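**Q** Sending over protein.txt (compact mmCIF, C-alpha atoms).
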```
# COMPACT_ATOMS: atom_id res chain seq x y z
CA MET A 1 27.58 15.75 -25.56
CA GLN A 2 26.67 16.51 -21.93
CA ILE A 3 23.42 15.71 -20.16
CA ASP A 4 22.37 16.17 -16.55
CA TRP A 5 21.19 13.20 -14.46
CA ASP A 6 18.07 15.13 -13.45
CA ASP A 7 17.14 15.40 -17.12
CA LEU A 8 17.70 11.68 -17.70
CA LYS A 9 15.59 10.90 -14.65
CA THR A 10 12.84 13.11 -16.03
CA VAL A 11 12.89 11.32 -19.39
CA LEU A 12 12.49 8.03 -17.53
CA ALA A 13 9.58 9.37 -15.48
CA VAL A 14 7.76 10.60 -18.60
CA VAL A 15 8.24 7.22 -20.30
CA ARG A 16 6.86 5.49 -17.21
CA GLY A 17 3.93 7.83 -16.71
CA GLY A 18 3.10 8.70 -20.30
CA THR A 19 2.31 12.34 -19.49
CA LEU A 20 4.11 15.38 -18.10
CA ALA A 21 1.59 15.51 -15.26
CA ALA A 22 2.31 11.91 -14.20
CA ALA A 23 6.06 12.54 -14.33
CA ALA A 24 5.65 15.74 -12.33
CA ALA A 25 3.74 13.84 -9.63
CA GLU A 26 6.40 11.10 -9.47
CA LEU A 27 9.28 13.59 -9.25
CA ASP A 28 7.44 16.11 -7.04
CA LEU A 29 8.00 18.87 -9.61
CA ASN A 30 5.71 21.23 -11.43
CA TYR A 31 4.55 20.65 -14.99
CA THR A 32 6.68 23.40 -16.52
CA THR A 33 9.88 22.11 -14.92
CA VAL A 34 9.30 18.66 -16.41
CA SER A 35 8.65 20.17 -19.85
CA ARG A 36 11.79 22.30 -19.61
CA ARG A 37 13.93 19.31 -18.64
CA ILE A 38 12.64 17.26 -21.60
CA LEU A 39 13.45 20.08 -24.01
CA ARG A 40 16.90 20.42 -22.44
CA ALA A 41 17.57 16.68 -22.76
CA GLU A 42 16.52 16.70 -26.41
CA ALA A 43 18.78 19.68 -27.12
CA ALA A 44 21.75 18.08 -25.34
CA LEU A 45 21.34 14.74 -27.16
CA GLY A 46 20.29 16.16 -30.51
CA GLU A 47 17.36 13.75 -30.63
CA VAL A 48 13.58 13.97 -30.44
CA LEU A 49 12.70 11.82 -27.44
CA PHE A 50 8.92 12.06 -27.46
CA GLU A 51 6.03 12.47 -29.84
CA ARG A 52 3.69 15.12 -28.45
CA LEU A 53 0.18 13.66 -28.72
CA ALA A 54 -3.20 14.94 -27.58
CA ASP A 55 -3.39 12.35 -24.80
CA GLY A 56 0.23 12.41 -23.65
CA TYR A 57 3.86 11.87 -24.61
CA ARG A 58 4.86 8.77 -26.56
CA ALA A 59 8.54 7.87 -26.50
CA THR A 60 10.43 7.61 -29.76
CA ASP A 61 13.04 4.88 -30.29
CA ALA A 62 15.64 7.32 -28.98
CA GLY A 63 13.46 8.14 -25.98
CA ARG A 64 13.05 4.47 -25.10
CA LEU A 65 16.81 3.94 -25.41
CA VAL A 66 17.52 6.85 -23.09
CA ALA A 67 14.92 5.57 -20.61
CA GLU A 68 16.41 2.07 -20.60
CA HIS A 69 19.84 3.40 -19.72
CA ALA A 70 18.39 5.83 -17.17
CA ALA A 71 16.54 2.93 -15.50
CA ARG A 72 19.79 0.98 -15.17
CA MET A 73 21.52 4.05 -13.73
CA GLU A 74 18.66 4.53 -11.27
CA ALA A 75 18.84 0.88 -10.21
CA ARG A 76 22.59 1.17 -9.58
CA LYS A 77 22.04 4.32 -7.53
CA ASP A 78 19.24 2.70 -5.50
CA ASP A 79 21.38 -0.39 -4.93
CA LEU A 80 24.22 1.76 -3.56
CA LEU A 81 21.96 3.81 -1.30
CA ARG A 82 20.17 0.71 0.06
CA ARG A 83 23.49 -0.93 0.88
CA LEU A 84 24.70 2.19 2.65
CA GLN A 85 21.40 2.42 4.53
CA GLY A 86 21.78 -1.19 5.61
CA ARG A 87 25.05 -0.25 7.31
CA ASP A 88 23.43 2.59 9.23
CA GLN A 89 23.24 1.78 12.94
CA SER A 90 22.18 5.25 14.10
CA LEU A 91 18.81 6.01 15.65
CA ASN A 92 18.30 9.46 14.18
CA GLY A 93 17.09 10.85 10.88
CA GLU A 94 14.11 9.76 8.79
CA LEU A 95 12.30 6.43 8.66
CA VAL A 96 9.74 6.02 5.86
CA ILE A 97 6.93 3.56 6.58
CA THR A 98 4.01 2.55 4.39
CA ALA A 99 0.84 0.83 5.59
CA PRO A 100 -2.76 0.29 4.43
CA GLN A 101 -4.92 3.25 5.34
CA LEU A 102 -7.44 1.28 7.40
CA LEU A 103 -4.71 -0.28 9.57
CA VAL A 104 -3.16 3.06 10.48
CA GLY A 105 -5.64 4.42 13.03
CA PRO A 106 -6.20 1.39 15.25
CA HIS A 107 -2.85 -0.38 14.93
CA VAL A 108 -0.02 1.53 13.25
CA ALA A 109 -0.50 4.91 14.92
CA PRO A 110 -0.19 3.49 18.47
CA VAL A 111 3.05 1.76 17.46
CA MET A 112 4.35 5.01 16.00
CA ALA A 113 3.56 6.80 19.25
CA ARG A 114 5.50 4.25 21.32
CA PHE A 115 8.40 4.29 18.88
CA ALA A 116 8.54 8.11 18.89
CA GLU A 117 8.66 8.13 22.68
CA ALA A 118 11.53 5.63 22.71
CA HIS A 119 13.46 7.19 19.81
CA PRO A 120 12.74 10.94 19.71
CA GLN A 121 15.58 11.62 17.25
CA VAL A 122 13.93 9.56 14.51
CA GLN A 123 11.44 11.34 12.26
CA ILE A 124 8.77 9.00 10.89
CA ARG A 125 7.24 9.71 7.50
CA LEU A 126 4.11 7.62 6.95
CA ARG A 127 2.79 6.83 3.49
CA ALA A 128 -0.74 5.57 4.13
CA THR A 129 -1.80 3.77 0.98
CA ASN A 130 -3.13 0.46 -0.25
CA ASP A 131 -0.71 0.62 -3.19
CA LEU A 132 2.32 -1.66 -2.97
CA LEU A 133 5.17 0.81 -2.95
CA ASP A 134 8.41 -0.27 -4.59
CA LEU A 135 10.89 -0.96 -1.79
CA THR A 136 13.61 -1.74 -4.34
CA ARG A 137 13.29 1.84 -5.61
CA ARG A 138 13.34 3.09 -2.01
CA GLU A 139 9.78 4.41 -2.02
CA ALA A 140 9.66 3.29 1.64
CA ASP A 141 12.06 1.72 4.14
CA LEU A 142 9.55 -0.56 5.83
CA ALA A 143 6.14 -1.75 4.66
CA ILE A 144 3.21 -3.21 6.59
CA ARG A 145 1.18 -5.24 4.14
CA ILE A 146 -1.95 -7.35 4.06
CA SER A 147 -0.85 -10.13 1.75
CA ARG A 148 -0.73 -13.86 1.12
CA SER A 149 3.04 -13.59 0.71
CA PRO A 150 5.60 -10.80 1.20
CA GLY A 151 7.23 -11.44 -2.19
CA ASP A 152 10.38 -13.28 -3.16
CA THR A 153 12.57 -10.17 -3.42
CA LEU A 154 11.83 -8.91 0.10
CA THR A 155 12.60 -9.99 3.64
CA GLY A 156 9.49 -10.29 5.78
CA LEU A 157 8.00 -11.30 9.10
CA ARG A 158 4.38 -12.33 9.54
CA LEU A 159 2.82 -10.17 12.24
CA CYS A 160 -0.43 -12.09 12.56
CA SER A 161 -3.02 -14.11 10.72
CA GLN A 162 -6.50 -12.70 10.41
CA GLN A 163 -10.07 -13.52 9.46
CA SER A 164 -12.98 -11.71 7.90
CA ALA A 165 -16.66 -11.81 8.84
CA SER A 166 -19.91 -9.98 8.11
CA PHE A 167 -20.87 -6.76 9.85
CA ALA A 168 -23.95 -4.52 9.82
CA THR A 169 -25.87 -2.08 12.01
CA PRO A 170 -27.41 -3.29 15.27
CA GLY A 171 -30.84 -2.77 13.68
CA LEU A 172 -30.12 -5.29 10.95
CA ALA A 173 -28.63 -7.68 13.51
CA GLU A 174 -31.87 -7.50 15.52
CA ARG A 175 -34.01 -8.18 12.44
CA LEU A 176 -31.89 -11.21 11.56
CA ALA A 177 -32.16 -12.57 15.09
CA ALA A 178 -35.93 -12.17 15.02
CA ASP A 179 -36.41 -13.52 11.51
CA PRO A 180 -33.57 -15.33 9.69
CA ALA A 181 -35.65 -15.19 6.49
CA THR A 182 -35.67 -11.38 6.42
CA ALA A 183 -34.41 -9.76 3.22
CA VAL A 184 -30.80 -8.57 3.58
CA ASP A 185 -28.93 -6.20 1.27
CA TRP A 186 -25.28 -7.10 0.61
CA ILE A 187 -22.47 -4.61 -0.05
CA ALA A 188 -19.67 -6.10 -2.17
CA TYR A 189 -16.18 -5.20 -3.33
CA GLU A 190 -15.83 -4.82 -7.11
CA GLN A 191 -13.21 -7.56 -7.38
CA ASN A 192 -15.82 -10.06 -6.11
CA PRO A 193 -19.21 -8.50 -6.91
CA ARG A 194 -21.55 -11.20 -5.64
CA VAL A 195 -23.15 -12.53 -2.49
CA PRO A 196 -20.96 -15.36 -1.12
CA GLN A 197 -22.48 -18.78 -1.72
CA VAL A 198 -22.16 -19.70 1.96
CA VAL A 199 -24.39 -16.71 2.78
CA LEU A 200 -27.02 -17.65 0.20
CA GLU A 201 -27.16 -21.21 1.51
CA GLN A 202 -28.15 -20.05 4.98
CA TYR A 203 -29.88 -16.76 4.13
CA PRO A 204 -31.37 -17.15 0.62
CA ASN A 205 -33.11 -13.77 0.78
CA THR A 206 -29.78 -11.95 0.77
CA ARG A 207 -29.38 -9.85 -2.37
CA LEU A 208 -26.56 -7.81 -3.89
CA ARG A 209 -27.36 -4.13 -3.58
CA LEU A 210 -24.15 -2.08 -3.82
CA VAL A 211 -20.70 -2.63 -5.33
CA PHE A 212 -17.75 -0.44 -4.30
CA ASP A 213 -14.11 -0.09 -5.29
CA ASP A 214 -12.98 1.13 -1.87
CA MET A 215 -13.21 -0.49 1.55
CA ALA A 216 -13.61 2.81 3.39
CA ALA A 217 -16.66 3.58 1.24
CA MET A 218 -18.07 0.13 1.98
CA VAL A 219 -17.66 0.74 5.70
CA GLY A 220 -19.48 4.06 5.40
CA ALA A 221 -22.34 2.46 3.49
CA ALA A 222 -22.72 -0.24 6.14
CA GLN A 223 -22.71 2.38 8.91
CA ALA A 224 -25.46 4.22 7.04
CA GLY A 225 -27.59 1.07 7.19
CA LEU A 226 -27.42 0.26 3.48
CA GLY A 227 -26.60 -3.39 4.05
CA ALA A 228 -24.19 -5.97 5.41
CA VAL A 229 -20.55 -6.10 4.37
CA ARG A 230 -17.69 -8.55 4.61
CA MET A 231 -14.56 -7.00 6.11
CA PRO A 232 -11.51 -7.96 8.16
CA MET A 233 -12.51 -8.61 11.76
CA PHE A 234 -10.13 -6.01 13.17
CA LEU A 235 -11.87 -3.36 11.08
CA GLY A 236 -15.43 -4.41 11.80
CA ARG A 237 -14.76 -4.61 15.52
CA ALA A 238 -13.19 -1.13 15.56
CA THR A 239 -15.91 0.59 13.52
CA PRO A 240 -18.55 2.49 15.52
CA GLY A 241 -22.12 1.58 14.71
CA LEU A 242 -21.37 -1.91 13.38
CA VAL A 243 -21.70 -5.31 14.97
CA GLN A 244 -20.84 -8.77 13.72
CA VAL A 245 -23.79 -10.58 12.15
CA PRO A 246 -24.03 -14.34 11.49
CA LEU A 247 -24.55 -14.07 7.71
CA LEU A 248 -20.97 -15.08 7.03
CA PRO A 249 -18.95 -17.25 9.44
CA PRO A 250 -15.35 -16.15 10.04
CA GLN A 251 -13.30 -16.78 6.91
CA PRO A 252 -9.52 -16.94 6.37
CA TYR A 253 -8.15 -13.59 5.21
CA ALA A 254 -4.72 -12.48 4.03
CA ASP A 255 -2.05 -12.25 6.74
CA ILE A 256 -0.43 -9.05 7.96
CA TRP A 257 3.31 -8.78 7.28
CA VAL A 258 6.11 -6.34 7.87
CA VAL A 259 8.59 -6.36 4.99
CA ALA A 260 11.67 -4.53 3.77
CA HIS A 261 14.30 -4.93 1.12
CA ARG A 262 16.92 -7.38 2.33
CA ASP A 263 19.61 -4.66 2.15
CA VAL A 264 17.66 -2.48 4.59
CA TRP A 265 16.12 -5.09 6.92
CA ARG A 266 18.90 -5.08 9.54
CA ALA A 267 19.49 -1.32 9.64
CA ALA A 268 18.98 0.22 13.07
CA LYS A 269 15.82 2.26 12.46
CA PRO A 270 13.77 -0.46 10.72
CA ARG A 271 14.92 -2.99 13.32
CA ALA A 272 13.99 -0.67 16.21
CA PHE A 273 10.54 -0.07 14.73
CA ARG A 274 9.95 -3.82 14.40
CA GLU A 275 10.87 -4.25 18.05
CA VAL A 276 7.80 -2.16 18.92
CA LEU A 277 5.57 -3.36 16.08
CA VAL A 278 5.85 -7.12 16.64
CA PRO A 279 4.83 -7.13 20.34
CA TRP A 280 1.88 -4.85 19.56
CA PHE A 281 0.43 -7.25 17.02
CA LYS A 282 1.14 -10.24 19.25
CA ALA A 283 -0.74 -8.61 22.15
CA ASN A 284 -3.65 -7.61 19.91
CA ARG A 285 -3.99 -10.90 18.05
CA PRO A 286 -7.53 -11.56 19.45
CA LEU A 287 -8.79 -8.51 17.52
CA PHE A 288 -7.90 -10.14 14.20
CA VAL A 289 -9.39 -13.62 14.57
CA ALA A 290 -12.52 -15.15 16.04
```
Is it possible to give me this structure as structure tokens?
**A**
Amino acid sequence: MQIDWDDLKTVLAVVRGGTLAAAAAELDLNYTTVSRRILRAEAALGEVLFERLADGYRATDAGRLVAEHAARMEARKDDLLRRLQGRDQSLNGELVITAPQLLVGPHVAPVMARFAEAHPQVQIRLRATNDLLDLTRREADLAIRISRSPGDTLTGLRLCSQQSASFATPGLAERLAADPATAVDWIAYEQNPRVPQVVLEQYPNTRLRLVFDDMAAMVGAAQAGLGAVRMPMFLGRATPGLVQVPLLPPQPYADIWVVAHRDVWRAAKPRAFREVLVPWFKANRPLFVA
């Protein structure tokens, strides 16, 4: 009985994703290649690994067993590669960084520019996403995160604390200054779809108008004059067409961290990037707090 590691890895990806399409996206393959690898694994093992259903692939007992062993093999491989990466003291090759999308333009991109000038032999690959990529599985070398805590399994450094406040168009700000009792529309995030109580206490005519699942969409709605929105101060201050309004006083917000797996933290490229990143956030601290 012989089976290729690529086929085992594909079985694991299908179990994780539940569909060939999800596995193809994870492995950066096309749909037909994933299907062919599953058929090849089943032929090599003499087992049916998945039930083919209308809404996806459901692993059989044999499929789950194969996936469990493949996951352990993957973890051993990742452990080896992280440890080798941690020994790397060269300043060339690729450095993979992940950061929240809205932090990239004003604060991560300038750091990348300075780093690239100092270390031209290092190629940066940026994964701009609000998803928490798995650093244990080497989905990124270094992560910039907005979080209450970097996590117990990672090594981290707090770049800066930050606050949030309310922002709206200058027109709404002028109406509020002229008449604090004016009706105000509020734009909320779906995880907290309500007008904050502290706002209602001071501005009882504030009403919930729009609920979004994406901060960039909320910013756009505020710019269009659809209402006031709570957002991190660095974002509100950097957004054209918005000004801070006194609906919501500055509130504590999650800190900004740089984190990495402990095996990778002291490698040359992540360390060199932090040497540019940390001073940038220190110098720009006034943009994040009142």
**Q** Could you produce a table of the residues of segment 27-92 of chain A lying within 8 Å of segment 6-15 of chain A, with the nearest pair of atoms per residue and their separation in Å rounded to one decimal, using all atoms listed in the file, ordered by chain and increasing residue number, as CSV?
**A**
```
residue,atom,partner,partner_atom,distance
A:Leu27,CA,A:Ala13,CA,7.5
A:Val34,CA,A:Thr10,CA,6.6
A:Arg37,CA,A:Asp7,CA,5.3
A:Ile38,CA,A:Val11,CA,6.3
A:Arg40,CA,A:Asp7,CA,7.3
A:Ala41,CA,A:Asp7,CA,5.8
A:Tyr57,CA,A:Val14,CA,7.3
A:Arg58,CA,A:Val15,CA,7.3
A:Ala59,CA,A:Val15,CA,6.2
A:Gly63,CA,A:Val11,CA,7.3
A:Arg64,CA,A:Val15,CA,7.3
A:Val66,CA,A:Leu8,CA,7.2
A:Ala67,CA,A:Leu12,CA,4.6
A:Glu68,CA,A:Leu12,CA,7.8
A:Ala70,CA,A:Leu8,CA,5.9
A:Ala71,CA,A:Leu12,CA,6.8
A:Glu74,CA,A:Lys9,CA,7.8
```
**Q** Between atom CA of Val199 of chain A and atom CA of Gly241 of chain A, what is the distance in Å, rounded to a tenth?
**A**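 Rounded to one decimal, the two atoms are 22.0 Å apart.
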**Q** So how many Å separate atom CA of Val96 of chain A and atom CA of Val289 of chain A, to one decimal?
**A**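 Atom CA of Val96 of chain A sits 28.8 Å away from atom CA of Val289 of chain A.
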**Q** Please, which residues are within 8 Å of (-9.6, -6.3, 13.7) by the file's coordinates, counting only C-alpha atoms, and could they come as a list of chain:residue names?
**A**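 Those residues, ordered by chain and then number, are A:Gln162, A:Pro232, A:Met233, A:Phe234, A:Leu235, A:Gly236, A:Arg237, A:Ala238, A:Leu287, A:Phe288, A:Val289.
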**Q** Which one of A:Pro246, A:Pro170, A:Pro180, A:Gly56 sits closest to Gln223 of chain A if you count only C-alpha atoms?
**A**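 Checking each of A:Pro246, A:Pro170, A:Pro180, A:Gly56 against Gln223 of chain A, counting only C-alpha atoms, the winner is A:Pro170.
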**Q** Excluding Leu91 of chain A and its own-chain neighbours fewer than 6 positions away, which residues fall within 12 Å of it when counting all atoms listed in the file? Please give them as a PyMOL selection string.
**A** chain A and resi 85+115-116+118-124+267-273
**Q** List as a list in words the protein and nucleic acid residues near Pro249 of chain A, meaning an atom at most 10 Å away when all atoms listed in the file are counted, but skip any in the same chain fewer than 2 places from it.
**A**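 Returned residues: Gln163, Ser164, Ala165, Ser166, Val198, Val199, Gln244, Val245, Pro246, Leu247, Gln251, Pro252 and Ala290 of chain A.
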**Q** Grab the atom CA of Arg158 of chain A to atom CA of Thr239 of chain A distance for me, in Å with one decimal place.
**A** 24.4 Å
**Q** List as an NGL selection string the residues having at least one atom at most 10 Å from position (7.0, -11.0, 8.8) as given in the file, counting all atoms listed in the file.
**A** :A and (144-145 or 149-150 or 155-160 or 255-260 or 274 or 278)
**Q** Just the residues within 9 Å of Val108 of chain A, please, counting all atoms listed in the file, with nothing from its chain fewer than 4 positions along; format it as a ChimeraX atom specification.
**A** /A:99,103-104,112-113,144,277
**Q** Taking all listed atoms of segment 14-31 of chain A, build the axis-aligned box, pad each of the six sides by 4 Å, then write its centre and edge lengths in Å to one decimal as AutoDock Vina command-line options.
**A**
```
--center_x 5.4 --center_y 13.4 --center_z -13.7 --size_x 15.7 --size_y 23.7 --size_z 21.3
```
